[in-house]
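Asks: Pasting a structure here, questions to come.
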Amino acid sequence: MDGNRLRDEIVADLRRTIEAAGSPPVCLATVLVGDDGPSQIYVRNKHKKATEAGMVSRGVVLPASATQAEVEAAVAELAADPSVHGILCQLPLPDGLDAESVLALIPPEKDVDGLTERSMGRLVRGQVGHVGCTPLGVMRLLERYGVATAGKRAVVIGRSTLVGLPMVLLLGRKGVDATVTLAHSRTPDLVAVCREADIVVAAAGSARMITAAHVKPGAAVIDVGISRTEAGIVGDVDFDSVQAVAGAITPMPGGTGPMTIACLLENTLAAARMQGAFPT
Ligand code: NAD
């Protein structure tokens, strides 16, 4: 399941849609606080792909010394600006800053990361809203590569609000209809739990923890984890051994990472529509 390829398809589709509507400005704003290297790379890539999709992007950068009030003021200004349709606050914030109260300032229509309590509440209640980009990206990969979900067993490893929890909700939604198990660091006998599954989504952040022994022959395996090791960046899945038994597998890199950006841009166009700034 090639995430780079699907991301490129989605970006090209978004560009066609925006151009066909006469290119009204669709604007994604990012807020980056401090000088965390990976965060800077993530934000740069988001702007680059937004431009490729025919969107406008605005980057607010604050120093690591920014106060809580300064970060909140920057987000509040974007929230009140009608020319900004989507707001992404790059996490984690530097130590000492409270992300929750910053996120709370993002109105649900502009919450293209789907992380605020109102967006999460909408997901739980089945209401229209933005869904987190990483779990949404996993769903797009399953759809695009024809992985059946209805009546299938899925295991999600990891229970964060960023990935694991929304992933469980999306897989269990009406219309998707998987039977979902949520596994985590206190799950005994993870091998046995995973071997029951037709779909394994690994979002634990534990390098190469999923081996061939965890995977039922033919199962689809999606690797969300990112671990920085001496050998470079590796996923939760031991790709070489698992690909021999899996029916479908995402590479790392090149799987879920690019899909996270694609879904951020999808959400940004949806945000512009929700705000009446783009034809439905
Ligand atoms: P997190 O640390 O908040 O949550 C990790 C979860 O995994 C926890 O619920 C924990 O119980 C579980 N876990 C940890 N070790 C485990 C083990 N050995 N066995 C079973 N469960 C275990 O992390 P997160 O924010 O959910 O992110 C998970 C991973 O996904 C991280 O590596 C992160 O870098 C990566 N990530 C990737 C993308 C992407 O675009 N591909 C996006 C977001 C996060």
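Numbering starts fresh at 1 for the residues of each chain in the structure tokens, the chains themselves are lettered A, B, ... in the order given, and ligands are numbered from 1 as they appear.
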Could I get the residue neighbourhood of ligand 1 at 8 Å, counting only C-alpha atoms and all ligand atoms, as a PyMOL selection string?

Replies: chain A and resi 133-134+157-164+183-187+190+202-206+209+223-227+235-236+255-261

Asks: Can I get the selected residues back with C-alpha atoms, as a PDB file, in the first residue's frame?

Replies:
```pdb
ATOM      1  CA  CYS A 133      -5.353  13.040   9.576  1.00  0.00           C
ATOM      2  CA  THR A 134      -3.335   9.943  10.484  1.00  0.00           C
ATOM      3  CA  ILE A 157      -2.184  -1.327  18.735  1.00  0.00           C
ATOM      4  CA  GLY A 158      -1.990   1.907  20.728  1.00  0.00           C
ATOM      5  CA  ARG A 159      -4.724   3.910  22.456  1.00  0.00           C
ATOM      6  CA  SER A 160      -3.682   7.547  21.998  1.00  0.00           C
ATOM      7  CA  THR A 161      -6.226  10.232  21.194  1.00  0.00           C
ATOM      8  CA  LEU A 162      -4.019  11.148  18.227  1.00  0.00           C
ATOM      9  CA  VAL A 163      -4.093   7.780  16.469  1.00  0.00           C
ATOM     10  CA  GLY A 164      -5.308   4.651  18.281  1.00  0.00           C
ATOM     11  CA  ALA A 183      -4.508  -3.469  22.153  1.00  0.00           C
ATOM     12  CA  HIS A 184      -2.015  -1.500  24.234  1.00  0.00           C
ATOM     13  CA  SER A 185       1.065  -1.830  26.392  1.00  0.00           C
ATOM     14  CA  ARG A 186      -0.803  -3.902  28.997  1.00  0.00           C
ATOM     15  CA  THR A 187      -2.360  -6.348  26.554  1.00  0.00           C
ATOM     16  CA  LEU A 190      -0.216  -9.589  21.770  1.00  0.00           C
ATOM     17  CA  ALA A 202       0.345  -0.663  14.607  1.00  0.00           C
ATOM     18  CA  ALA A 203       0.528   2.739  16.314  1.00  0.00           C
ATOM     19  CA  ALA A 204       2.673   2.067  19.364  1.00  0.00           C
ATOM     20  CA  GLY A 205       5.968   3.767  18.536  1.00  0.00           C
ATOM     21  CA  SER A 206       7.958   0.645  19.418  1.00  0.00           C
ATOM     22  CA  MET A 209       7.651  -4.881  17.459  1.00  0.00           C
ATOM     23  CA  ASP A 223       2.488   0.713  10.130  1.00  0.00           C
ATOM     24  CA  VAL A 224       1.917   4.067  11.821  1.00  0.00           C
ATOM     25  CA  GLY A 225       4.793   3.981  14.311  1.00  0.00           C
ATOM     26  CA  ILE A 226       7.879   6.099  13.881  1.00  0.00           C
ATOM     27  CA  SER A 227      10.965   5.372  15.971  1.00  0.00           C
ATOM     28  CA  GLY A 235       8.322   1.655  12.007  1.00  0.00           C
ATOM     29  CA  ASP A 236       6.482  -0.629  14.432  1.00  0.00           C
ATOM     30  CA  GLY A 255       3.131   4.591   3.878  1.00  0.00           C
ATOM     31  CA  THR A 256       1.095   6.369   6.521  1.00  0.00           C
ATOM     32  CA  GLY A 257       3.319   9.495   6.762  1.00  0.00           C
ATOM     33  CA  PRO A 258       2.503  10.944   3.337  1.00  0.00           C
ATOM     34  CA  MET A 259      -1.167  10.010   3.850  1.00  0.00           C
ATOM     35  CA  THR A 260      -1.281  12.152   6.984  1.00  0.00           C
ATOM     36  CA  ILE A 261      -0.409  15.194   4.854  1.00  0.00           C
TER      37      ILE A 261
END
```

Asks: If you run DSSP on the backbone, which residues of stretch 37-273 of chain A are helix (DSSP H, G or I), as number ranges by chain?

Replies: A: 37-52, 68-80, 99-103, 108-110, 117-125, 133-144, 164-172, 190-195, 212-214, 239-242, 256-273

Asks: Under the rule that only C-alpha atoms are counted, which of A:Ser83, A:Ser57, A:Thr30, A:Thr17 is the nearest residue to A:Ala277?

Replies: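 Among the listed residues, A:Ser83 lies closest to A:Ala277.
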
Asks: Would you pick out the contacts of A:Pro166 at 10 Å or less, using only C-alpha atoms, so that residues sharing its chain but fewer than 6 positions from it are not included, and give the list as a short mmCIF file (atom, residue, chain, number, x, y, z; two decimals) with C-alpha atoms, in the first residue's frame?

Replies:
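Result written to around15.cif:
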```
data_model
loop_
_atom_site.label_atom_id
_atom_site.label_comp_id
_atom_site.auth_asym_id
_atom_site.auth_seq_id
_atom_site.Cartn_x
_atom_site.Cartn_y
_atom_site.Cartn_z
CA GLY A 114 -9.30 16.85 14.21
CA LEU A 115 -7.65 16.93 17.62
CA MET A 120 -13.28 14.19 18.89
CA LEU A 123 -16.43 11.72 15.76
CA VAL A 124 -17.73 9.76 18.75
CA VAL A 131 -11.27 13.47 11.61
CA GLY A 132 -7.60 13.16 12.64
CA THR A 134 -3.34 9.94 10.48
CA PRO A 135 -6.28 7.59 11.19
CA LEU A 136 -8.14 9.05 8.19
CA ARG A 159 -4.72 3.91 22.46
CA SER A 160 -3.68 7.55 22.00
CA GLY A 172 -15.96 0.19 13.76
#
```

Asks: Which residues, written as a ChimeraX atom specification, have at least one atom at most 12 Å from A:Asp35, with only C-alpha atoms counted and residues fewer than 5 positions away on the same chain left out?

Replies: /A:40-41,43,61-66,90-94

Asks: Limited to N, CA and C atoms, could you put the picked residues into a file as a short mmCIF file (atom, residue, chain, number, x, y, z; two decimals), in the first residue's frame?

Replies:
```cif
data_model
loop_
_atom_site.label_atom_id
_atom_site.label_comp_id
_atom_site.auth_asym_id
_atom_site.auth_seq_id
_atom_site.Cartn_x
_atom_site.Cartn_y
_atom_site.Cartn_z
N GLN A 40 9.82 21.04 12.35
CA GLN A 40 10.09 21.98 11.26
C GLN A 40 9.95 21.29 9.90
N ILE A 41 10.45 20.04 9.83
CA ILE A 41 10.35 19.30 8.56
C ILE A 41 8.89 19.01 8.23
N VAL A 43 6.20 20.62 9.14
CA VAL A 43 5.48 21.84 8.75
C VAL A 43 5.89 22.27 7.33
N VAL A 61 5.38 31.36 12.95
CA VAL A 61 6.49 30.75 13.69
C VAL A 61 6.78 31.58 14.93
N LEU A 62 6.79 30.91 16.07
CA LEU A 62 7.09 31.59 17.34
C LEU A 62 8.32 30.95 17.97
N PRO A 63 9.12 31.74 18.71
CA PRO A 63 10.32 31.16 19.33
C PRO A 63 9.96 30.24 20.49
N ALA A 64 10.90 29.38 20.86
CA ALA A 64 10.67 28.45 21.98
C ALA A 64 10.39 29.21 23.27
N SER A 65 10.82 30.47 23.32
CA SER A 65 10.61 31.28 24.52
C SER A 65 9.21 31.91 24.57
N ALA A 66 8.37 31.64 23.55
CA ALA A 66 7.04 32.27 23.52
C ALA A 66 6.24 31.88 24.76
N GLN A 90 1.29 22.68 15.33
CA GLN A 90 2.20 21.54 15.33
C GLN A 90 2.56 21.14 16.76
N LEU A 91 2.31 19.90 17.09
CA LEU A 91 2.62 19.38 18.43
C LEU A 91 3.86 18.47 18.33
N PRO A 92 4.60 18.27 19.37
CA PRO A 92 4.38 18.83 20.71
C PRO A 92 4.83 20.28 20.80
N LEU A 93 4.20 21.03 21.71
CA LEU A 93 4.66 22.37 22.03
C LEU A 93 5.85 22.25 22.97
N PRO A 94 6.72 23.26 23.02
CA PRO A 94 7.85 23.20 23.96
C PRO A 94 7.36 23.01 25.40
#
```

Asks: Excluding same-chain residues fewer than 6 positions from A:Asn267, what lies within 12 Å of it counting only C-alpha atoms, as a ChimeraX atom specification?

Replies: /A:10-11,14,26-28,50,85-88,108-114,128-134,136-137,260-261,273-274

Asks: Can those selected residues be exported to a file as a short mmCIF file (atom, residue, chain, number, x, y, z; two decimals), in the first residue's frame so that it contains C-alpha atoms?

Replies:
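Result file selection_3.cif:
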```cif
data_model
loop_
_atom_site.label_atom_id
_atom_site.label_comp_id
_atom_site.auth_asym_id
_atom_site.auth_seq_id
_atom_site.Cartn_x
_atom_site.Cartn_y
_atom_site.Cartn_z
CA ILE A 10 -5.14 12.98 -3.67
CA VAL A 11 -3.07 16.18 -4.10
CA LEU A 14 -7.58 18.48 -4.86
CA VAL A 26 -8.32 27.83 0.29
CA CYS A 27 -6.00 28.64 3.16
CA LEU A 28 -4.17 26.39 5.60
CA ALA A 50 -0.59 22.60 0.16
CA HIS A 85 -9.93 27.99 6.67
CA GLY A 86 -7.76 25.44 8.46
CA ILE A 87 -5.48 25.80 11.48
CA LEU A 88 -2.84 23.29 12.41
CA PRO A 108 -14.24 22.88 15.03
CA GLU A 109 -14.73 24.06 11.43
CA LYS A 110 -11.06 25.08 11.26
CA ASP A 111 -9.71 22.13 13.26
CA VAL A 112 -8.21 20.32 10.26
CA ASP A 113 -6.11 18.13 12.56
CA GLY A 114 -9.30 16.85 14.21
CA VAL A 128 -20.02 16.06 10.70
CA GLY A 129 -16.54 17.27 11.62
CA HIS A 130 -12.85 16.85 10.88
CA VAL A 131 -11.27 13.47 11.61
CA GLY A 132 -7.60 13.16 12.64
CA CYS A 133 -5.35 13.04 9.58
CA THR A 134 -3.34 9.94 10.48
CA LEU A 136 -8.14 9.05 8.19
CA GLY A 137 -5.06 8.34 6.07
CA THR A 260 -1.28 12.15 6.98
CA ILE A 261 -0.41 15.19 4.85
CA ARG A 273 -16.65 24.21 2.28
CA MET A 274 -17.98 24.16 5.86
#
```

Asks: I'd like to know which residues of stretch 14-175 of chain A are strand (DSSP E or B) (by DSSP, run on the backbone); could you write them as a PyMOL selection string?

Replies: chain A and resi 27-33+56-62+86-89+153-157

Asks: Just the selected residues (C-alpha atoms), exported as a PDB file, in the first residue's frame, please.

Replies:
```
ATOM      1  CA  CYS A  27      -6.002  28.642   3.158  1.00  0.00           C
ATOM      2  CA  LEU A  28      -4.167  26.394   5.603  1.00  0.00           C
ATOM      3  CA  ALA A  29      -2.384  28.137   8.483  1.00  0.00           C
ATOM      4  CA  THR A  30       0.226  26.413  10.612  1.00  0.00           C
ATOM      5  CA  VAL A  31       1.540  27.419  14.021  1.00  0.00           C
ATOM      6  CA  LEU A  32       5.039  26.223  14.889  1.00  0.00           C
ATOM      7  CA  VAL A  33       6.532  27.028  18.275  1.00  0.00           C
ATOM      8  CA  VAL A  56      -2.645  29.091  -0.034  1.00  0.00           C
ATOM      9  CA  SER A  57      -0.677  28.526   3.145  1.00  0.00           C
ATOM     10  CA  ARG A  58       0.380  30.744   5.979  1.00  0.00           C
ATOM     11  CA  GLY A  59       3.035  29.841   8.535  1.00  0.00           C
ATOM     12  CA  VAL A  60       3.176  31.447  11.949  1.00  0.00           C
ATOM     13  CA  VAL A  61       6.486  30.747  13.690  1.00  0.00           C
ATOM     14  CA  LEU A  62       7.086  31.595  17.338  1.00  0.00           C
ATOM     15  CA  GLY A  86      -7.764  25.443   8.455  1.00  0.00           C
ATOM     16  CA  ILE A  87      -5.478  25.802  11.476  1.00  0.00           C
ATOM     17  CA  LEU A  88      -2.839  23.289  12.412  1.00  0.00           C
ATOM     18  CA  CYS A  89      -0.879  23.753  15.610  1.00  0.00           C
ATOM     19  CA  ARG A 153     -11.412  -8.459  12.476  1.00  0.00           C
ATOM     20  CA  ALA A 154      -9.127  -5.500  13.079  1.00  0.00           C
ATOM     21  CA  VAL A 155      -6.582  -4.931  15.837  1.00  0.00           C
ATOM     22  CA  VAL A 156      -5.339  -1.441  16.617  1.00  0.00           C
ATOM     23  CA  ILE A 157      -2.184  -1.327  18.735  1.00  0.00           C
TER      24      ILE A 157
END
```

Asks: Between A:Arg140, A:Arg208, A:Lys216, A:Arg195, which is the closest to A:Gly3 once you count only C-alpha atoms?

Replies: A:Arg140

Asks: Nearest to A:Val200 among A:Ala12, A:Leu170, A:Val234, A:Ile249, with distances taken over only C-alpha atoms: which residue is it?

Replies: A:Ile249

Asks: Would you compute the distance between atom CA of A:Glu100 and atom CA of A:Thr116? Give it in Å to one decimal.

Replies: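 Result for atom CA of A:Glu100 versus atom CA of A:Thr116: 8.0 Å, one decimal.
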
Asks: Choose the residue, out of A:Asp177, A:Glu19, A:Glu143, A:Asp189, that has the smallest atom-to-atom separation from A:Met55; count only C-alpha atoms.

Replies: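 Using only C-alpha atoms, A:Met55 sits closest to A:Glu19.
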
Asks: Mind checking which residues fall within 7 Å of stretch 70-79 of chain A, counting only C-alpha atoms, ignoring those fewer than 6 positions away in the same chain, and posting them as JSON, numbers by chain?

Replies: {"A": [102, 105, 106, 107]}

Asks: Using only C-alpha atoms, pick whichever of A:Ala207, A:Asp95, A:Ala220, A:Tyr42 has the shortest atom-to-atom distance to A:Gln68.

Replies: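 Looking only at the distances to A:Gln68, the closest residue turns out to be A:Asp95.
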
Asks: Nearest to A:Ala21 among A:Ser119, A:Gly54, A:Gly218, A:Gln127, with distances taken over only C-alpha atoms: which residue is it?

Replies: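 Smallest separation from A:Ala21 among the options: A:Gly54.
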
Asks: State, in Å with one decimal place, the distance from atom CA of A:Thr149 to atom CA of A:Leu171.

Replies: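 A separation of 7.5 Å between them.
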
Asks: If I take atom CA of A:Ala212 and atom CA of A:Leu169, how far is one from the other in Å, to one decimal?

Replies: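 Separating atom CA of A:Ala212 from atom CA of A:Leu169 is a distance of 26.3 Å.
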